[in-house]
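Trainee: Got a file for you: query33.txt, compact mmCIF, C-alpha atoms.
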# COMPACT_ATOMS: atom_id res chain seq x y z
CA MET Q 1 0.00 0.00 0.00
CA TYR Q 2 1.23 3.51 -0.80
CA SER Q 3 1.66 5.86 2.12
CA THR Q 4 -1.35 7.81 3.31
CA THR Q 5 -2.24 10.14 6.17
CA TYR Q 6 -5.01 9.04 8.50
CA HIS Q 7 -7.47 11.39 10.17
CA LYS Q 8 -10.11 10.51 12.75
CA PRO Q 9 -12.27 13.61 13.24
CA ALA Q 10 -14.84 13.76 16.03
CA SER Q 11 -17.24 16.09 14.20
CA ILE Q 12 -18.62 16.66 10.71
CA GLU Q 13 -16.93 20.08 10.63
CA ASP Q 14 -13.53 18.56 11.38
CA ALA Q 15 -14.17 15.83 8.82
CA ILE Q 16 -14.95 18.39 6.12
CA ALA Q 17 -11.84 20.38 7.06
CA ALA Q 18 -9.72 17.22 6.78
CA LEU Q 19 -11.36 16.28 3.47
CA ASN Q 20 -10.69 19.73 2.05
CA GLY Q 21 -7.17 19.81 3.44
CA GLY Q 22 -5.73 16.89 1.46
CA GLU Q 23 -4.76 16.52 -2.16
CA ASP Q 24 -6.73 13.34 -2.85
CA THR Q 25 -8.78 12.48 0.20
CA LYS Q 26 -11.12 9.55 0.68
CA ILE Q 27 -13.68 8.81 3.35
CA LEU Q 28 -13.08 5.61 5.33
CA ALA Q 29 -16.28 4.11 6.71
CA GLY Q 30 -15.56 0.40 7.20
CA GLY Q 31 -12.70 -0.12 4.81
CA GLN Q 32 -13.77 -3.51 3.55
CA THR Q 33 -13.62 -2.30 -0.03
CA LEU Q 34 -11.37 0.76 0.23
CA ILE Q 35 -8.47 -0.90 2.08
CA ALA Q 36 -8.52 -3.85 -0.32
CA THR Q 37 -8.52 -1.42 -3.24
CA MET Q 38 -5.57 0.49 -1.76
CA LYS Q 39 -3.64 -2.74 -1.26
CA GLN Q 40 -4.08 -3.49 -4.96
CA HIS Q 41 -2.83 0.02 -5.79
CA LEU Q 42 -6.14 0.76 -7.50
CA ALA Q 43 -6.58 3.67 -5.10
CA ALA Q 44 -3.84 5.72 -3.48
CA PRO Q 45 -5.48 8.50 -1.48
CA SER Q 46 -3.13 11.03 0.09
CA ASP Q 47 -5.43 11.21 3.11
CA LEU Q 48 -8.05 8.99 4.71
CA VAL Q 49 -10.81 10.52 6.80
CA ASP Q 50 -12.32 7.93 9.14
CA ILE Q 51 -15.89 8.99 9.95
CA ARG Q 52 -16.57 6.31 12.57
CA ALA Q 53 -15.70 8.46 15.58
CA ILE Q 54 -18.17 11.21 14.65
CA GLY Q 55 -21.02 11.32 17.17
CA GLY Q 56 -24.38 10.04 15.89
CA MET Q 57 -22.86 8.35 12.83
CA SER Q 58 -23.94 4.88 13.84
CA GLY Q 59 -27.04 3.38 15.36
CA ILE Q 60 -30.57 2.40 14.42
CA SER Q 61 -33.82 4.07 15.41
CA ALA Q 62 -37.46 3.85 14.39
CA ALA Q 63 -40.01 6.68 14.40
CA GLY Q 64 -42.96 7.86 12.30
CA GLY Q 65 -43.10 4.78 10.10
CA ALA Q 66 -39.45 4.93 9.12
CA LEU Q 67 -36.22 3.29 10.16
CA THR Q 68 -33.17 5.51 10.41
CA ILE Q 69 -29.79 3.84 10.12
CA GLY Q 70 -26.57 5.77 10.76
CA ALA Q 71 -24.08 5.67 7.91
CA ALA Q 72 -21.37 4.00 10.00
CA THR Q 73 -23.69 1.24 11.24
CA THR Q 74 -22.14 -2.12 10.42
CA HIS Q 75 -23.80 -4.91 8.47
CA ALA Q 76 -23.63 -7.07 11.62
CA GLU Q 77 -25.50 -4.42 13.61
CA VAL Q 78 -28.28 -4.19 10.99
CA ALA Q 79 -28.47 -7.99 10.66
CA SER Q 80 -28.91 -8.47 14.41
CA SER Q 81 -31.13 -5.46 15.15
CA ALA Q 82 -34.46 -6.36 16.80
CA GLU Q 83 -35.95 -3.09 15.51
CA VAL Q 84 -35.01 -3.81 11.89
CA LYS Q 85 -36.17 -7.41 12.28
CA SER Q 86 -39.64 -6.36 13.40
CA LEU Q 87 -40.12 -3.56 10.85
CA CYS Q 88 -38.26 -4.79 7.76
CA SER Q 89 -36.76 -8.25 8.27
CA ALA Q 90 -35.72 -8.36 4.60
CA LEU Q 91 -33.05 -5.81 5.48
CA CYS Q 92 -31.70 -8.09 8.26
CA ASP Q 93 -31.55 -10.97 5.79
CA LEU Q 94 -29.75 -8.82 3.24
CA ALA Q 95 -27.22 -7.41 5.73
CA GLY Q 96 -26.60 -10.89 7.16
CA GLY Q 97 -25.74 -12.17 3.69
CA ILE Q 98 -23.04 -9.64 2.86
CA GLY Q 99 -19.48 -11.03 2.77
CA ASP Q 100 -18.75 -13.09 5.87
CA PRO Q 101 -19.06 -12.52 9.64
CA ALA Q 102 -15.71 -10.72 10.02
CA VAL Q 103 -16.44 -8.45 7.04
CA ARG Q 104 -19.90 -7.70 8.47
CA HIS Q 105 -18.31 -6.56 11.73
CA GLN Q 106 -16.57 -3.73 9.86
CA GLY Q 107 -18.40 -2.96 6.61
CA THR Q 108 -21.00 -0.19 6.85
CA ILE Q 109 -24.24 0.71 5.08
CA GLY Q 110 -22.97 4.20 4.23
CA GLY Q 111 -19.77 2.82 2.76
CA SER Q 112 -21.67 0.33 0.64
CA LEU Q 113 -24.02 2.99 -0.74
CA ALA Q 114 -21.31 5.56 -1.42
CA ASN Q 115 -19.24 2.94 -3.25
CA ASN Q 116 -22.23 1.77 -5.37
CA ASP Q 117 -20.58 -1.44 -6.51
CA PRO Q 118 -22.79 -2.87 -9.28
CA ALA Q 119 -22.93 -6.19 -7.41
CA ALA Q 120 -23.44 -4.82 -3.88
CA ASP Q 121 -26.58 -5.81 -1.98
CA TYR Q 122 -27.62 -2.61 -0.18
CA PRO Q 123 -28.28 -0.48 -3.30
CA ALA Q 124 -31.10 -2.88 -4.28
CA ALA Q 125 -32.81 -2.49 -0.89
CA ILE Q 126 -32.41 1.26 -0.74
CA LEU Q 127 -33.83 1.72 -4.26
CA ALA Q 128 -36.74 -0.70 -3.81
CA LEU Q 129 -37.67 0.68 -0.39
CA GLY Q 130 -37.57 4.29 -1.63
CA ALA Q 131 -35.15 5.36 1.08
CA THR Q 132 -33.73 8.83 1.56
CA ILE Q 133 -29.99 9.34 1.93
CA LYS Q 134 -29.17 12.16 4.35
CA THR Q 135 -25.81 13.82 3.92
CA ASN Q 136 -24.06 16.64 5.74
CA THR Q 137 -25.68 19.10 3.32
CA ARG Q 138 -28.95 17.67 1.98
CA GLU Q 139 -31.35 14.79 1.52
CA ILE Q 140 -31.17 12.69 -1.65
CA ALA Q 141 -33.96 10.34 -2.72
CA ALA Q 142 -32.73 6.84 -3.58
CA LEU Q 143 -34.17 7.30 -7.09
CA ASP Q 144 -31.77 10.18 -7.68
CA PHE Q 145 -28.81 8.69 -5.81
CA PHE Q 146 -27.40 5.86 -7.94
CA ASP Q 147 -25.75 7.17 -11.05
CA GLY Q 148 -23.99 4.29 -12.85
CA LEU Q 149 -21.09 2.02 -11.92
CA PHE Q 150 -19.37 3.13 -8.72
CA THR Q 151 -20.98 6.55 -9.20
CA THR Q 152 -23.55 8.36 -7.08
CA ALA Q 153 -25.09 11.79 -6.77
CA LEU Q 154 -22.69 12.57 -3.90
CA GLU Q 155 -20.57 15.66 -4.45
CA GLU Q 156 -16.85 15.66 -3.76
CA ASN Q 157 -16.33 15.39 0.01
CA GLU Q 158 -20.06 15.08 0.78
CA ILE Q 159 -20.60 12.72 3.70
CA ILE Q 160 -23.55 10.36 4.11
CA VAL Q 161 -24.84 10.77 7.66
CA SER Q 162 -27.83 8.42 7.74
CA ILE Q 163 -30.36 6.55 5.67
CA SER Q 164 -34.07 6.88 6.29
CA ILE Q 165 -36.13 3.90 5.15
CA PRO Q 166 -39.95 4.01 5.06
CA VAL Q 167 -41.26 0.77 6.59
CA PRO Q 168 -42.68 -1.36 3.75
CA GLN Q 169 -45.87 -3.43 3.86
CA LYS Q 170 -43.93 -6.43 2.56
CA ALA Q 171 -40.38 -6.89 1.35
CA ALA Q 172 -37.87 -9.61 0.60
CA TYR Q 173 -34.47 -10.00 -0.99
CA ALA Q 174 -33.28 -13.03 -2.95
CA LYS Q 175 -29.66 -13.26 -3.99
CA PHE Q 176 -27.76 -15.68 -6.17
CA PRO Q 177 -24.22 -15.20 -4.86
CA GLN Q 178 -21.24 -15.44 -7.16
CA PRO Q 179 -19.70 -18.57 -5.65
CA ALA Q 180 -16.21 -17.17 -5.06
CA SER Q 181 -16.77 -13.56 -4.02
CA ARG Q 182 -20.30 -13.94 -2.52
CA PHE Q 183 -21.23 -10.66 -4.18
CA ALA Q 184 -24.57 -10.83 -5.98
CA LEU Q 185 -24.35 -12.43 -9.40
CA VAL Q 186 -27.97 -11.34 -9.37
CA GLY Q 187 -29.94 -9.99 -6.42
CA VAL Q 188 -33.58 -8.91 -6.55
CA PHE Q 189 -35.26 -6.85 -3.83
CA VAL Q 190 -39.06 -6.72 -4.00
CA ALA Q 191 -41.10 -4.31 -1.89
CA GLN Q 192 -44.75 -3.44 -1.44
CA THR Q 193 -44.73 0.14 -0.22
CA ASP Q 194 -47.21 2.95 0.33
CA ASP Q 195 -46.22 4.27 -3.12
CA GLY Q 196 -46.74 0.92 -4.84
CA VAL Q 197 -44.58 -2.03 -5.77
CA ARG Q 198 -40.89 -1.56 -6.47
CA VAL Q 199 -38.44 -4.18 -7.73
CA ALA Q 200 -34.72 -3.40 -7.75
CA VAL Q 201 -32.07 -5.56 -9.40
CA THR Q 202 -28.40 -5.62 -8.46
CA GLY Q 203 -25.46 -7.57 -9.90
CA ALA Q 204 -26.89 -7.61 -13.40
CA GLY Q 205 -27.20 -4.15 -14.92
CA GLU Q 206 -24.37 -2.66 -16.96
CA ASP Q 207 -25.06 0.64 -15.18
CA GLY Q 208 -25.44 -0.89 -11.73
CA VAL Q 209 -28.62 -1.21 -9.70
CA TYR Q 210 -31.89 -0.50 -11.52
CA ARG Q 211 -35.66 -0.93 -11.20
CA HIS Q 212 -37.41 -3.50 -13.36
CA GLN Q 213 -40.54 -1.97 -14.80
CA GLY Q 214 -42.03 -5.21 -16.14
CA LEU Q 215 -41.77 -6.95 -12.77
CA GLU Q 216 -43.13 -3.89 -10.96
CA GLU Q 217 -46.21 -3.76 -13.21
CA ALA Q 218 -46.89 -7.50 -12.95
CA LEU Q 219 -46.43 -7.61 -9.18
CA GLY Q 220 -48.37 -4.36 -8.77
CA SER Q 221 -51.48 -6.03 -10.11
CA ASN Q 222 -50.84 -9.52 -8.73
CA TRP Q 223 -48.31 -10.05 -5.93
CA SER Q 224 -47.43 -13.66 -6.59
CA ALA Q 225 -44.50 -15.78 -7.70
CA SER Q 226 -46.47 -16.88 -10.75
CA ALA Q 227 -47.03 -13.27 -11.81
CA ALA Q 228 -43.27 -12.69 -11.55
CA ALA Q 229 -42.63 -15.87 -13.54
CA GLY Q 230 -44.73 -14.59 -16.45
CA VAL Q 231 -42.65 -11.45 -16.99
CA PRO Q 232 -40.23 -11.53 -19.92
CA ILE Q 233 -36.77 -10.35 -18.81
CA SER Q 234 -34.66 -8.83 -21.57
CA PRO Q 235 -30.89 -9.41 -21.50
CA ASP Q 236 -30.37 -5.99 -23.13
CA GLY Q 237 -28.23 -3.77 -20.94
CA LEU Q 238 -27.16 -6.62 -18.66
CA MET Q 239 -23.55 -7.51 -17.88
CA SER Q 240 -21.78 -10.44 -19.52
CA ASP Q 241 -18.58 -11.70 -17.91
CA LEU Q 242 -16.84 -14.95 -17.08
CA HIS Q 243 -19.35 -15.55 -14.27
CA GLY Q 244 -22.41 -15.41 -16.50
CA THR Q 245 -23.76 -14.12 -19.80
CA ALA Q 246 -26.42 -11.45 -20.05
CA ALA Q 247 -28.98 -14.14 -20.95
CA TYR Q 248 -27.98 -16.18 -17.88
CA ARG Q 249 -28.38 -13.13 -15.67
CA ALA Q 250 -31.73 -12.29 -17.29
CA ASN Q 251 -32.99 -15.75 -16.40
CA LEU Q 252 -31.68 -15.41 -12.86
CA ILE Q 253 -33.55 -12.12 -12.43
CA GLY Q 254 -36.82 -13.95 -13.04
CA VAL Q 255 -35.86 -16.77 -10.69
CA MET Q 256 -34.72 -14.43 -7.90
CA ALA Q 257 -37.86 -12.29 -8.28
CA LYS Q 258 -40.03 -15.40 -7.88
CA ARG Q 259 -38.06 -16.54 -4.83
CA ALA Q 260 -38.22 -13.11 -3.24
CA VAL Q 261 -41.99 -12.81 -3.70
CA ALA Q 262 -42.50 -16.35 -2.44
CA ALA Q 263 -40.54 -15.42 0.72
CA THR Q 264 -42.90 -12.55 1.66
CA MET U 1 3.76 8.12 11.43
CA THR U 2 1.30 8.09 14.27
CA SER U 3 1.71 6.91 17.83
CA ILE U 4 -0.96 4.38 18.75
CA LYS U 5 -1.81 2.73 22.02
CA MET U 6 -3.86 -0.41 22.28
CA THR U 7 -4.34 -3.41 24.51
CA VAL U 8 -3.14 -6.58 22.83
CA ASN U 9 -3.82 -9.85 24.64
CA GLY U 10 -4.33 -7.95 27.87
CA LYS U 11 -1.08 -5.97 27.67
CA SER U 12 -0.90 -2.30 26.88
CA VAL U 13 1.31 -1.53 23.88
CA GLU U 14 2.36 1.80 22.46
CA LYS U 15 4.11 2.07 19.08
CA GLU U 16 4.81 4.54 16.34
CA VAL U 17 3.43 3.23 13.03
CA ALA U 18 3.08 4.44 9.47
CA ASP U 19 -0.60 5.28 8.86
CA GLN U 20 -0.99 2.65 6.12
CA THR U 21 0.21 -0.19 8.39
CA LEU U 22 -2.29 -3.04 8.40
CA LEU U 23 -3.24 -4.60 11.72
CA SER U 24 -1.81 -7.91 10.46
CA GLU U 25 1.55 -6.23 9.76
CA PHE U 26 1.48 -4.43 13.10
CA LEU U 27 0.85 -7.67 15.00
CA ARG U 28 3.38 -9.76 13.10
CA GLU U 29 6.15 -7.28 12.44
CA ASN U 30 5.95 -4.70 15.23
CA LEU U 31 4.79 -6.99 18.03
CA ARG U 32 6.28 -10.25 16.65
CA LEU U 33 2.96 -12.02 17.26
CA THR U 34 3.30 -14.33 14.27
CA GLY U 35 0.45 -16.64 15.24
CA THR U 36 -1.85 -14.43 13.17
CA HIS U 37 -1.27 -15.72 9.64
CA VAL U 38 -1.56 -13.87 6.36
CA GLY U 39 -2.85 -16.22 3.68
CA CYS U 40 -4.50 -14.44 0.79
CA ASP U 41 -4.04 -10.84 1.98
CA THR U 42 -7.32 -10.02 0.18
CA SER U 43 -9.80 -10.64 3.05
CA GLN U 44 -11.02 -13.90 1.55
CA CYS U 45 -9.24 -16.62 3.52
CA GLY U 46 -9.67 -15.58 7.15
CA ALA U 47 -6.26 -16.87 8.35
CA CYS U 48 -5.60 -13.37 9.74
CA THR U 49 -8.80 -13.21 11.81
CA VAL U 50 -8.38 -11.59 15.24
CA HIS U 51 -10.82 -10.05 17.71
CA VAL U 52 -11.14 -6.28 18.04
CA ASN U 53 -13.22 -5.22 21.03
CA GLY U 54 -14.58 -8.76 21.18
CA LYS U 55 -15.58 -9.09 17.52
CA SER U 56 -13.88 -11.01 14.73
CA VAL U 57 -12.24 -8.89 12.04
CA LYS U 58 -9.82 -9.57 9.22
CA SER U 59 -6.58 -7.97 10.38
CA CYS U 60 -5.29 -7.76 6.78
CA THR U 61 -8.15 -5.37 5.95
CA THR U 62 -7.91 -3.12 9.01
CA LEU U 63 -5.58 -0.19 9.58
CA ALA U 64 -3.68 -0.42 12.87
CA VAL U 65 -3.89 3.34 13.27
CA SER U 66 -7.70 3.18 13.29
CA LEU U 67 -7.58 1.02 16.44
CA ASP U 68 -6.03 3.49 18.86
CA GLY U 69 -7.52 2.58 22.24
CA ALA U 70 -8.94 -0.75 21.09
CA GLU U 71 -8.66 -4.14 22.72
CA VAL U 72 -7.18 -6.74 20.39
CA THR U 73 -7.01 -10.47 21.01
CA THR U 74 -4.93 -12.76 18.82
CA ILE U 75 -4.45 -16.52 18.86
CA GLU U 76 -1.59 -15.99 21.35
CA GLY U 77 -4.06 -14.46 23.81
CA VAL U 78 -6.89 -16.99 23.95
CA ALA U 79 -5.23 -19.51 26.28
CA ASN U 80 -5.45 -18.46 29.89
CA GLY U 81 -2.96 -20.64 31.76
CA GLU U 82 -4.44 -23.62 30.00
CA LEU U 83 -5.67 -24.03 26.44
CA HIS U 84 -8.96 -22.40 25.49
CA PRO U 85 -11.83 -24.94 25.04
CA MET U 86 -11.78 -24.15 21.30
CA GLN U 87 -8.08 -25.09 21.12
CA VAL U 88 -8.70 -28.28 23.11
CA ALA U 89 -11.57 -29.18 20.76
CA PHE U 90 -9.35 -28.70 17.69
CA ASN U 91 -6.83 -31.05 19.34
CA ASP U 92 -9.40 -33.65 20.33
CA ASN U 93 -11.19 -33.69 16.98
CA HIS U 94 -8.12 -33.43 14.79
CA GLY U 95 -9.45 -30.10 13.53
CA LEU U 96 -6.29 -29.24 11.62
CA GLN U 97 -4.09 -30.70 8.95
CA CYS U 98 -1.27 -28.37 7.91
CA GLY U 99 -2.40 -25.85 10.53
CA PHE U 100 -1.99 -22.69 8.50
CA CYS U 101 -5.67 -21.67 8.68
CA THR U 102 -6.05 -22.83 12.29
CA PRO U 103 -5.44 -19.49 14.11
CA GLY U 104 -8.17 -17.87 12.01
CA MET U 105 -10.48 -20.86 12.36
CA ILE U 106 -10.13 -20.73 16.16
CA MET U 107 -10.70 -16.97 16.34
CA SER U 108 -13.76 -17.26 14.07
CA GLY U 109 -14.95 -20.30 16.04
CA ILE U 110 -14.79 -18.45 19.37
CA ASP U 111 -16.54 -15.43 17.84
CA MET U 112 -19.41 -17.48 16.42
CA VAL U 113 -19.94 -19.45 19.64
CA ASN U 114 -20.00 -16.18 21.62
CA ARG U 115 -22.51 -14.59 19.23
CA TYR U 116 -24.82 -17.58 19.14
CA LYS U 117 -24.73 -17.94 22.92
CA ALA U 118 -25.46 -14.22 23.39
CA SER U 119 -28.50 -14.40 21.11
CA GLY U 120 -29.70 -17.76 22.46
CA GLN U 121 -29.53 -19.48 19.08
CA GLU U 122 -28.40 -23.05 18.61
CA LEU U 123 -25.12 -23.40 16.72
CA THR U 124 -25.92 -26.37 14.49
CA SER U 125 -23.37 -27.91 12.15
CA ASP U 126 -25.21 -26.23 9.24
CA ALA U 127 -24.89 -22.88 10.98
CA ILE U 128 -21.16 -23.48 11.59
CA ARG U 129 -20.62 -24.24 7.90
CA HIS U 130 -22.46 -21.05 7.00
CA GLU U 131 -20.54 -19.01 9.59
CA LEU U 132 -17.23 -20.31 8.20
CA GLU U 133 -17.94 -18.59 4.89
CA GLY U 134 -14.91 -16.34 5.37
CA ASN U 135 -12.37 -18.94 6.49
CA ILE U 136 -10.72 -21.14 3.93
CA CYS U 137 -8.84 -24.39 4.68
CA ARG U 138 -6.77 -25.33 1.65
CA CYS U 139 -6.27 -28.86 3.04
CA THR U 140 -10.10 -28.94 2.80
CA GLY U 141 -10.31 -30.34 6.30
CA TYR U 142 -13.65 -28.69 7.00
CA HIS U 143 -15.42 -31.74 8.37
CA ASN U 144 -13.27 -31.96 11.49
CA ILE U 145 -13.16 -28.17 11.86
CA VAL U 146 -16.95 -28.14 12.05
CA LYS U 147 -16.86 -31.03 14.56
CA SER U 148 -14.28 -29.16 16.66
CA ILE U 149 -16.34 -25.97 16.82
CA GLN U 150 -19.47 -27.91 17.68
CA ASP U 151 -17.59 -29.76 20.44
CA ALA U 152 -16.20 -26.50 21.84
CA ALA U 153 -19.62 -24.82 21.69
CA ALA U 154 -20.94 -27.46 24.08
CA LYS U 155 -18.12 -26.73 26.54
CA MET U 156 -17.80 -22.95 26.37
What's the structure tokens form of this structure?
Mentor:
Amino acid sequence: MYSTTYHKPASIEDAIAALNGGEDTKILAGGQTLIATMKQHLAAPSDLVDIRAIGGMSGISAAGGALTIGAATTHAEVASSAEVKSLCSALCDLAGGIGDPAVRHQGTIGGSLANNDPAADYPAAILALGATIKTNTREIAALDFFDGLFTTALEENEIIVSISIPVPQKAAYAKFPQPASRFALVGVFVAQTDDGVRVAVTGAGEDGVYRHQGLEEALGSNWSASAAAGVPISPDGLMSDLHGTAAYRANLIGVMAKRAVAAT
Amino acid sequence: MTSIKMTVNGKSVEKEVADQTLLSEFLRENLRLTGTHVGCDTSQCGACTVHVNGKSVKSCTTLAVSLDGAEVTTIEGVANGELHPMQVAFNDNHGLQCGFCTPGMIMSGIDMVNRYKASGQELTSDAIRHELEGNICRCTGYHNIVKSIQDAAAKM
């Protein structure tokens, strides 16, 4: 790893000052992607700003029909939260299926969303549940947040503070893990919400996570595995790589959608 | 360089480290605690698993400097006068072949037993296999590793 300078601010103001003070600064939230990337010399930030010591950055609360999860809350904390379990157990299942136990003890929801890996699990949940991403400067709707591979609406040095998730009527996540990495080869998050049915697909789209209109329409009129099974899934715009062709992924989207609906 | 202070296996240590030093490097090279192994160095294999504030983490994917004030336990710190029940179980059940993955297996094993006990869940052999997702044994000796963890879970 190339040399870097580490900062551990105790406030948002100090974090912003540290972010603005370096030549090429990066936010460190759990490090389970960033440190690995730095070890491979794919990233070489001059400065790292660890946001985990900032007050109020982690923790889970529920109020007014929404769950609020701090950006530095780990996957293990979400997976084992009684509050999340009772209000949106699909999110516990999803968090408990990321990486492995040791990775889940460090990786965070904010880090996952800011990184927007096209095969990450959380983006599917956040998009399907219609969550709001709160940053140090504004609130961003999930619909406006994801902006292509590893790209989001976040400005340079903007820090995710928390994620607000409206409690769904029903939700489930089904994932077909890539056998070696355990990232989603295809993951489908289905949700029945106050604004209708949303279906988000991760692992498959060439531009990262996206909503599947055909599945949303079919499940909107008939919430059943058979309705999901009848939807044609086009391979256009899906990734093809050594793990699976676009057609293979298209088929998996249908299968995962059926499994997710059947699990609700 | 930053001066960090942490408790490692119950002893307070204070060292000056470069900010990019990984916890695995810090333990092995600065503290000469070479029981923590580095296998893949890409957070896949779990040989480098240690406990930070009581939770398993991959020390090859953790910056030492981020752990100022933390409590770290490595394989060298689990025996307390006599072997830890998890170590005894690995002995009794022949839970190792070449032994390279064993420190990580034991640290992950202790972590999973503690978590399942705390939440009142039963640690079945299926659950152990699932929990061992992040620990790879290249001798493929998983069967006896699972038996060892199950045996230790009954005694811890």
Trainee: With chain U as the partner and 6 Å as the cut-off, tabulate the residues of chain Q that qualify, each row holding the nearest pair of atoms and their distance in Å to one decimal, using all atoms listed in the file, sorted by chain and rising number, as JSON lines.
Mentor:
{"residue": "Q:Ser3", "atom": "CA", "partner": "U:Gln20", "partner_atom": "CA", "distance": 5.8}
{"residue": "Q:Thr4", "atom": "CA", "partner": "U:Gln20", "partner_atom": "CA", "distance": 5.9}
{"residue": "Q:Thr5", "atom": "CA", "partner": "U:Asp19", "partner_atom": "CA", "distance": 5.8}
{"residue": "Q:Tyr6", "atom": "CA", "partner": "U:Asp19", "partner_atom": "CA", "distance": 5.8}
{"residue": "Q:Ile35", "atom": "CA", "partner": "U:Thr61", "partner_atom": "CA", "distance": 5.9}
{"residue": "Q:Asp100", "atom": "CA", "partner": "U:Gly134", "partner_atom": "CA", "distance": 5.1}
{"residue": "Q:Ala102", "atom": "CA", "partner": "U:Val57", "partner_atom": "CA", "distance": 4.4}
Trainee: Env of Cys139 in chain U: 9 Å cut, atoms = only C-alpha atoms, seq-sep filter 5 positions within chain, self excluded. Answer as a PyMOL selection string.
Mentor: chain U and resi 96-99
Trainee: So, with only C-alpha atoms as the atoms that count, which of Q:Glu23, Q:Asp236, Q:Glu83, Q:Asp50 lies closest to Leu67 in chain Q?
Mentor: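 Closest to Leu67 in chain Q of all the choices is Q:Glu83.
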Trainee: I'd like the contact shell of Ile106 in chain U - 12 Å cut-off, only C-alpha atoms, skipping same-chain residues fewer than 6 positions apart - returned as a ChimeraX atom specification.
Mentor: /U:35-36,46-51,56,73-79,83-91,95-96,99-100,112-113,132,135,145-146,148-150,152-153
Trainee: My list of candidates is U:Cys45, U:Leu31, U:Val38, U:Val72. Which is closest to Asn9 in chain U when distances are computed with all atoms listed in the file?
Mentor: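 Answer, going by the shortest atom-to-atom distance: U:Val72.
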Trainee: Please, can range 81-93 of chain U be completed to N, CA and C atoms and returned as a PDB file, in the frame of the given file?
Mentor:
ATOM      1  N   GLY U  81      -3.562 -19.631  30.884  1.00  0.00           N
ATOM      2  CA  GLY U  81      -2.960 -20.640  31.760  1.00  0.00           C
ATOM      3  C   GLY U  81      -3.075 -22.018  31.139  1.00  0.00           C
ATOM      4  N   GLU U  82      -4.279 -22.382  30.755  1.00  0.00           N
ATOM      5  CA  GLU U  82      -4.440 -23.620  30.000  1.00  0.00           C
ATOM      6  C   GLU U  82      -5.131 -23.304  28.678  1.00  0.00           C
ATOM      7  N   LEU U  83      -5.110 -24.273  27.766  1.00  0.00           N
ATOM      8  CA  LEU U  83      -5.670 -24.030  26.440  1.00  0.00           C
ATOM      9  C   LEU U  83      -7.143 -23.648  26.519  1.00  0.00           C
ATOM     10  N   HIS U  84      -7.550 -22.787  25.600  1.00  0.00           N
ATOM     11  CA  HIS U  84      -8.960 -22.400  25.490  1.00  0.00           C
ATOM     12  C   HIS U  84      -9.756 -23.644  25.037  1.00  0.00           C
ATOM     13  N   PRO U  85     -11.020 -23.772  25.464  1.00  0.00           N
ATOM     14  CA  PRO U  85     -11.830 -24.940  25.040  1.00  0.00           C
ATOM     15  C   PRO U  85     -11.856 -25.125  23.521  1.00  0.00           C
ATOM     16  N   MET U  86     -11.772 -24.024  22.775  1.00  0.00           N
ATOM     17  CA  MET U  86     -11.780 -24.150  21.300  1.00  0.00           C
ATOM     18  C   MET U  86     -10.472 -24.818  20.844  1.00  0.00           C
ATOM     19  N   GLN U  87      -9.357 -24.461  21.482  1.00  0.00           N
ATOM     20  CA  GLN U  87      -8.080 -25.090  21.120  1.00  0.00           C
ATOM     21  C   GLN U  87      -8.083 -26.569  21.489  1.00  0.00           C
ATOM     22  N   VAL U  88      -8.621 -26.878  22.677  1.00  0.00           N
ATOM     23  CA  VAL U  88      -8.700 -28.280  23.110  1.00  0.00           C
ATOM     24  C   VAL U  88      -9.544 -29.079  22.117  1.00  0.00           C
ATOM     25  N   ALA U  89     -10.669 -28.475  21.686  1.00  0.00           N
ATOM     26  CA  ALA U  89     -11.570 -29.180  20.760  1.00  0.00           C
ATOM     27  C   ALA U  89     -10.883 -29.439  19.420  1.00  0.00           C
ATOM     28  N   PHE U  90     -10.080 -28.482  18.948  1.00  0.00           N
ATOM     29  CA  PHE U  90      -9.350 -28.700  17.690  1.00  0.00           C
ATOM     30  C   PHE U  90      -8.339 -29.835  17.854  1.00  0.00           C
ATOM     31  N   ASN U  91      -7.728 -29.922  19.029  1.00  0.00           N
ATOM     32  CA  ASN U  91      -6.830 -31.050  19.340  1.00  0.00           C
ATOM     33  C   ASN U  91      -7.590 -32.370  19.340  1.00  0.00           C
ATOM     34  N   ASP U  92      -8.665 -32.396  20.123  1.00  0.00           N
ATOM     35  CA  ASP U  92      -9.400 -33.650  20.330  1.00  0.00           C
ATOM     36  C   ASP U  92     -10.029 -34.186  19.052  1.00  0.00           C
ATOM     37  N   ASN U  93     -10.461 -33.261  18.185  1.00  0.00           N
ATOM     38  CA  ASN U  93     -11.190 -33.690  16.980  1.00  0.00           C
ATOM     39  C   ASN U  93     -10.324 -33.673  15.726  1.00  0.00           C
TER      40      ASN U  93
END
